[in-house]
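Below is target.cif, which holds mmCIF, C-alpha atoms.
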data_input
loop_
_atom_site.label_atom_id
_atom_site.label_comp_id
_atom_site.auth_asym_id
_atom_site.auth_seq_id
_atom_site.Cartn_x
_atom_site.Cartn_y
_atom_site.Cartn_z
CA MET A 1485 5.15 22.85 10.12
CA ASP A 1486 3.32 23.37 6.85
CA THR A 1487 0.93 21.17 4.91
CA ILE A 1488 3.63 19.64 2.72
CA ASP A 1489 5.66 18.70 5.81
CA ILE A 1490 2.64 17.05 7.43
CA LEU A 1491 1.75 15.05 4.31
CA THR A 1492 5.39 14.07 3.79
CA ASP A 1493 5.59 12.86 7.38
CA ALA A 1494 2.40 10.81 6.99
CA PHE A 1495 3.63 9.03 3.86
CA GLY A 1496 7.01 8.47 5.53
CA ARG A 1497 5.26 6.76 8.44
CA ILE A 1498 3.35 4.53 6.02
CA LYS A 1499 6.64 3.56 4.39
CA GLY A 1500 8.22 2.77 7.76
CA ASP A 1501 5.25 0.68 8.88
CA THR A 1502 5.16 -1.15 5.55
CA HIS A 1503 8.85 -2.03 5.76
CA ARG A 1504 8.45 -3.15 9.39
CA ALA A 1505 5.65 -5.52 8.38
CA ALA A 1506 7.45 -7.22 5.49
CA ASP A 1507 11.20 -6.93 6.10
CA GLY A 1508 12.85 -10.26 6.81
CA ARG A 1509 9.77 -12.36 6.13
CA THR A 1510 9.97 -15.51 4.04
CA ALA A 1511 7.72 -16.20 1.06
CA ALA A 1512 5.59 -18.51 3.23
CA GLU A 1513 5.28 -15.88 5.96
CA LEU A 1514 4.34 -13.17 3.46
CA ALA A 1515 1.62 -15.46 2.07
CA TYR A 1516 0.34 -16.60 5.50
CA GLN A 1517 -3.41 -16.15 5.97
CA PRO A 1518 -4.76 -16.92 9.46
CA ASP A 1519 -8.00 -17.90 7.76
CA PRO A 1520 -8.69 -18.73 4.08
CA GLU A 1521 -10.80 -15.55 3.84
CA ALA A 1522 -8.15 -13.34 5.49
CA ASN A 1523 -5.54 -11.12 3.87
CA SER A 1524 -1.83 -11.86 3.92
CA ILE A 1525 1.06 -9.50 4.55
CA ALA A 1526 1.96 -9.76 0.86
CA TRP A 1527 -1.54 -8.83 -0.28
CA LEU A 1528 -1.87 -6.01 2.25
CA VAL A 1529 1.44 -4.42 1.20
CA TRP A 1530 0.58 -4.92 -2.48
CA HIS A 1531 -2.90 -3.45 -1.99
CA LEU A 1532 -1.91 -0.40 0.02
CA THR A 1533 0.81 0.35 -2.52
CA ARG A 1534 -1.59 -0.14 -5.41
CA VAL A 1535 -4.15 2.23 -3.84
CA GLN A 1536 -1.48 4.87 -3.33
CA ASP A 1537 -0.09 4.42 -6.87
CA HIS A 1538 -3.58 4.51 -8.42
CA HIS A 1539 -5.10 7.38 -6.44
CA ILE A 1540 -2.07 9.68 -6.28
CA GLY A 1541 -1.38 8.97 -9.96
CA GLN A 1542 -4.87 10.22 -10.76
CA LEU A 1543 -4.36 13.37 -8.71
CA ALA A 1544 -0.97 14.04 -10.30
CA HIS A 1545 -2.28 13.30 -13.83
CA ARG A 1546 0.35 10.65 -14.49
CA PRO A 1547 0.36 6.94 -15.27
CA GLN A 1548 0.91 4.42 -12.51
CA ALA A 1549 4.35 2.95 -11.82
CA TYR A 1550 2.60 -0.43 -11.64
CA VAL A 1551 1.92 -0.29 -15.37
CA VAL A 1552 4.55 1.96 -16.96
CA GLU A 1553 7.55 0.84 -14.89
CA GLY A 1554 6.83 -2.89 -15.13
CA TRP A 1555 6.02 -3.54 -11.47
CA ALA A 1556 3.02 -5.68 -12.38
CA ASP A 1557 5.32 -8.01 -14.34
CA ARG A 1558 7.87 -8.13 -11.51
CA LEU A 1559 5.09 -8.98 -9.07
CA GLY A 1560 3.66 -11.63 -11.39
CA THR A 1561 0.34 -9.84 -11.77
CA ASP A 1562 -1.77 -8.44 -14.56
CA PRO A 1563 -0.84 -4.82 -15.39
CA ASP A 1564 -4.49 -3.72 -15.23
CA PRO A 1565 -4.35 -0.12 -13.92
CA GLU A 1566 -7.74 -0.60 -12.22
CA ASN A 1567 -6.61 -3.70 -10.30
CA HIS A 1568 -5.86 -2.38 -6.82
CA GLY A 1569 -7.47 -5.10 -4.77
CA TYR A 1570 -10.92 -3.74 -4.02
CA GLY A 1571 -13.33 -6.65 -4.21
CA HIS A 1572 -10.64 -9.30 -4.51
CA THR A 1573 -11.74 -12.85 -3.87
CA PRO A 1574 -9.83 -15.09 -1.44
CA GLU A 1575 -8.21 -16.73 -4.48
CA GLN A 1576 -6.99 -13.36 -5.78
CA VAL A 1577 -5.63 -12.49 -2.34
CA ALA A 1578 -3.79 -15.82 -2.15
CA ALA A 1579 -2.35 -15.28 -5.65
CA ILE A 1580 -0.13 -12.40 -4.41
CA ARG A 1581 2.89 -14.56 -3.52
CA PRO A 1582 6.26 -12.87 -3.93
CA ASP A 1583 9.41 -14.93 -3.36
CA SER A 1584 10.64 -12.36 -0.85
CA PRO A 1585 9.64 -8.94 0.46
CA ASP A 1586 12.21 -7.27 -1.81
CA VAL A 1587 10.01 -6.68 -4.86
CA LEU A 1588 7.01 -5.58 -2.77
CA LEU A 1589 9.09 -3.10 -0.80
CA ALA A 1590 10.92 -1.84 -3.87
CA TYR A 1591 7.56 -1.15 -5.55
CA HIS A 1592 6.33 0.56 -2.39
CA ASP A 1593 9.47 2.72 -2.22
CA VAL A 1594 9.07 3.83 -5.85
CA VAL A 1595 5.42 4.71 -5.27
CA THR A 1596 6.29 6.60 -2.09
CA GLU A 1597 8.95 8.59 -3.96
CA ARG A 1598 6.47 9.43 -6.72
CA THR A 1599 3.91 10.44 -4.09
CA LEU A 1600 6.39 12.72 -2.34
CA GLU A 1601 7.31 14.33 -5.67
CA TYR A 1602 3.64 15.19 -6.17
CA ILE A 1603 3.13 16.29 -2.54
CA ALA A 1604 6.07 18.72 -2.88
CA THR A 1605 4.07 20.59 -5.54
CA VAL A 1606 0.78 20.77 -3.65
CA THR A 1607 -0.58 24.26 -3.03
CA PRO A 1608 -3.62 25.26 -0.96
CA GLU A 1609 -5.48 25.79 -4.25
CA GLU A 1610 -4.58 22.25 -5.37
CA LEU A 1611 -5.83 20.79 -2.09
CA ASP A 1612 -9.16 22.59 -2.61
CA ARG A 1613 -9.53 21.47 -6.23
CA ILE A 1614 -12.59 19.29 -6.67
CA PHE A 1615 -11.39 16.00 -7.99
CA ASP A 1616 -14.46 13.77 -7.97
CA HIS A 1617 -17.97 15.14 -8.54
CA SER A 1618 -19.65 11.73 -8.17
CA TRP A 1619 -19.88 12.07 -4.37
CA ASP A 1620 -22.04 14.37 -2.25
CA PRO A 1621 -20.24 16.44 -1.22
CA PRO A 1622 -17.76 16.35 -4.09
CA VAL A 1623 -14.27 15.12 -3.17
CA SER A 1624 -11.37 17.56 -3.12
CA VAL A 1625 -7.73 16.65 -3.70
CA GLY A 1626 -7.04 17.22 0.01
CA VAL A 1627 -9.81 14.85 1.06
CA ARG A 1628 -8.56 12.21 -1.39
CA ILE A 1629 -5.01 12.47 -0.03
CA VAL A 1630 -6.29 12.03 3.53
CA SER A 1631 -8.34 9.04 2.35
CA VAL A 1632 -5.21 7.45 0.83
CA ILE A 1633 -3.24 8.06 4.03
CA ASN A 1634 -6.03 6.55 6.13
CA ASP A 1635 -6.37 3.47 3.92
CA CYS A 1636 -2.62 2.87 3.76
CA MET A 1637 -2.13 3.28 7.51
CA GLN A 1638 -4.93 0.85 8.28
CA HIS A 1639 -3.51 -1.80 5.94
CA ALA A 1640 0.04 -1.28 7.19
CA GLY A 1641 -1.31 -1.80 10.71
CA GLU A 1642 -3.04 -5.01 9.64
CA ALA A 1643 0.18 -6.25 8.04
CA ASN A 1644 2.09 -5.51 11.25
CA TYR A 1645 -0.54 -7.34 13.26
CA LEU A 1646 -0.01 -10.39 11.05
CA ARG A 1647 3.75 -10.08 11.51
CA GLY A 1648 3.14 -10.07 15.28
CA LEU A 1649 1.04 -13.23 14.97
CA LEU A 1650 3.82 -14.93 13.03
CA GLU A 1651 6.43 -13.88 15.59
CA ARG A 1652 4.22 -15.17 18.42
CA MET A 1653 3.79 -18.51 16.63
CA ASP A 1654 7.59 -18.68 16.19
CA GLN A 1655 8.11 -18.01 19.90
CA GLU A 1656 5.55 -20.65 20.88
CA ALA A 1657 7.15 -23.20 18.55
CA ALA A 1658 10.62 -22.44 19.94
CA SER A 1659 9.46 -22.76 23.57
CA ALA A 1660 7.68 -26.07 22.82
CA THR A 1661 10.97 -27.71 21.84
#
Is it possible to express this structure as structure tokens?
Amino acid sequence: MDTIDILTDAFGRIKGDTHRAADGRTAAELAYQPDPEANSIAWLVWHLTRVQDHHIGQLAHRPQAYVVEGWADRLGTDPDPENHGYGHTPEQVAAIRPDSPDVLLAYHDVVTERTLEYIATVTPEELDRIFDHSWDPPVSVGVRIVSVINDCMQHAGEANYLRGLLERMDQEAASAT
């Protein structure tokens, strides 16, 4: 297995986990927050997709699908290319309210496809390229890709945890009747 295969597998797992979290959920379930300060499935899927679109877009030297392909409009959000959820207030989290998982997952699928197109071109020299000199040590492309994978997997896990909470609440409600 080579590097491209490993990275492709990792992004494929993120896609699978993301779909598992959101597929079949209603608008209310996607927007459910167990606490007013907590994230929802909708926000988590939006955020992890935004991070991937933003960060991989930078590495690949191309504009984000969020802006140039109209996903911000379809999601009812501002097409600000720097809006990827870091530092969002509870009100901003709650504002991510799609009618169904379809648009969130379609955006995620497009971003995953764009990511895999870039990953297919990655060479060892590209992975070693210093991308961000503002950190000590400076950040290479390979380190940034691993960071994106880590962030996306964590948020997909959180979204699946919320789905599990919702399913448990459904089971408890059904057994109470």
At a cut-off of 8 Å, using only C-alpha atoms, what residues contact region 1637-1648 of chain A? Leave out same-chain residues fewer than 4 positions from it and give the result as a PDB file with C-alpha atoms, in the coordinates of the input.
ATOM      1  CA  ILE A1498       3.350   4.530   6.020  1.00  0.00           C
ATOM      2  CA  ASP A1501       5.250   0.680   8.880  1.00  0.00           C
ATOM      3  CA  THR A1502       5.160  -1.150   5.550  1.00  0.00           C
ATOM      4  CA  ARG A1504       8.450  -3.150   9.390  1.00  0.00           C
ATOM      5  CA  ALA A1505       5.650  -5.520   8.380  1.00  0.00           C
ATOM      6  CA  ALA A1506       7.450  -7.220   5.490  1.00  0.00           C
ATOM      7  CA  SER A1524      -1.830 -11.860   3.920  1.00  0.00           C
ATOM      8  CA  ILE A1525       1.060  -9.500   4.550  1.00  0.00           C
ATOM      9  CA  LEU A1528      -1.870  -6.010   2.250  1.00  0.00           C
ATOM     10  CA  VAL A1529       1.440  -4.420   1.200  1.00  0.00           C
ATOM     11  CA  LEU A1532      -1.910  -0.400   0.020  1.00  0.00           C
ATOM     12  CA  ILE A1633      -3.240   8.060   4.030  1.00  0.00           C
ATOM     13  CA  ARG A1652       4.220 -15.170  18.420  1.00  0.00           C
TER      14      ARG A1652
END
Here is a test: counting all atoms listed in the file, which residue of A:Val1630, A:Pro1585, A:Gly1496, A:Glu1609 is nearest to Glu1513 (chain A)?
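Using all atoms listed in the file, the shortest distance to Glu1513 (chain A) belongs to A:Pro1585.
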Separation of CA of Phe1495 (chain A) from CA of Cys1636 (chain A) in Å:
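Value for the CA of Cys1636 (chain A)-CA of Phe1495 (chain A) distance: 8.8 Å.
Counting all atoms listed in the file and comparing A:Arg1613, A:His1572, A:Arg1534, A:Arg1497, the residue that lies closest to Ala1522 (chain A) is A:His1572.
If you look at CA of Asp1620 (chain A) and CA of Ile1603 (chain A), they are 25.2 Å away from each other.
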At most 9 Å from (2.4, -13.6, -4.7), file frame, all atoms listed in the file: which residues, as a short mmCIF file (atom, residue, chain, number, x, y, z; two decimals) with C-alpha atoms, keeping the file's coordinate frame?
data_model
loop_
_atom_site.label_atom_id
_atom_site.label_comp_id
_atom_site.auth_asym_id
_atom_site.auth_seq_id
_atom_site.Cartn_x
_atom_site.Cartn_y
_atom_site.Cartn_z
CA ALA A 1511 7.72 -16.20 1.06
CA LEU A 1514 4.34 -13.17 3.46
CA ALA A 1515 1.62 -15.46 2.07
CA ALA A 1526 1.96 -9.76 0.86
CA TRP A 1527 -1.54 -8.83 -0.28
CA LEU A 1559 5.09 -8.98 -9.07
CA GLY A 1560 3.66 -11.63 -11.39
CA THR A 1561 0.34 -9.84 -11.77
CA VAL A 1577 -5.63 -12.49 -2.34
CA ALA A 1578 -3.79 -15.82 -2.15
CA ALA A 1579 -2.35 -15.28 -5.65
CA ILE A 1580 -0.13 -12.40 -4.41
CA ARG A 1581 2.89 -14.56 -3.52
CA PRO A 1582 6.26 -12.87 -3.93
CA ASP A 1583 9.41 -14.93 -3.36
#
May I ask for the distance between CA of Val1551 (chain A) and CA of Asp1537 (chain A), given in Å to one decimal place?
9.9 Å
I'd like the contact shell of Gln1542 (chain A) - 12 Å cut-off, only C-alpha atoms, skipping same-chain residues fewer than 3 positions apart - returned as a ChimeraX atom specification.
/A:1535-1539,1545-1549,1565-1566,1599,1602,1615-1616,1625,1628-1629,1632
Which residue gives the smallest distance to Asp1635 (chain A) among A:Thr1533, A:Ser1618, A:Thr1510, A:Tyr1591, with only C-alpha atoms counted?
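For Asp1635 (chain A), the nearest of the given residues is A:Thr1533.
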Enumerate, as a ChimeraX atom specification, the protein, DNA and RNA residues whose atoms approach (6.0, 14.7, -4.8) to within 12 Å, taking into account only C-alpha atoms and the coordinate frame of the file.
/A:1488-1489,1491-1492,1495,1540-1541,1543-1544,1546,1594-1607
Pick the closest to Leu1650 (chain A) from A:Pro1518, A:Asp1493, A:His1503, A:Met1485: which is it, counting all atoms listed in the file?
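Closest to Leu1650 (chain A), using all atoms listed in the file: A:Pro1518.
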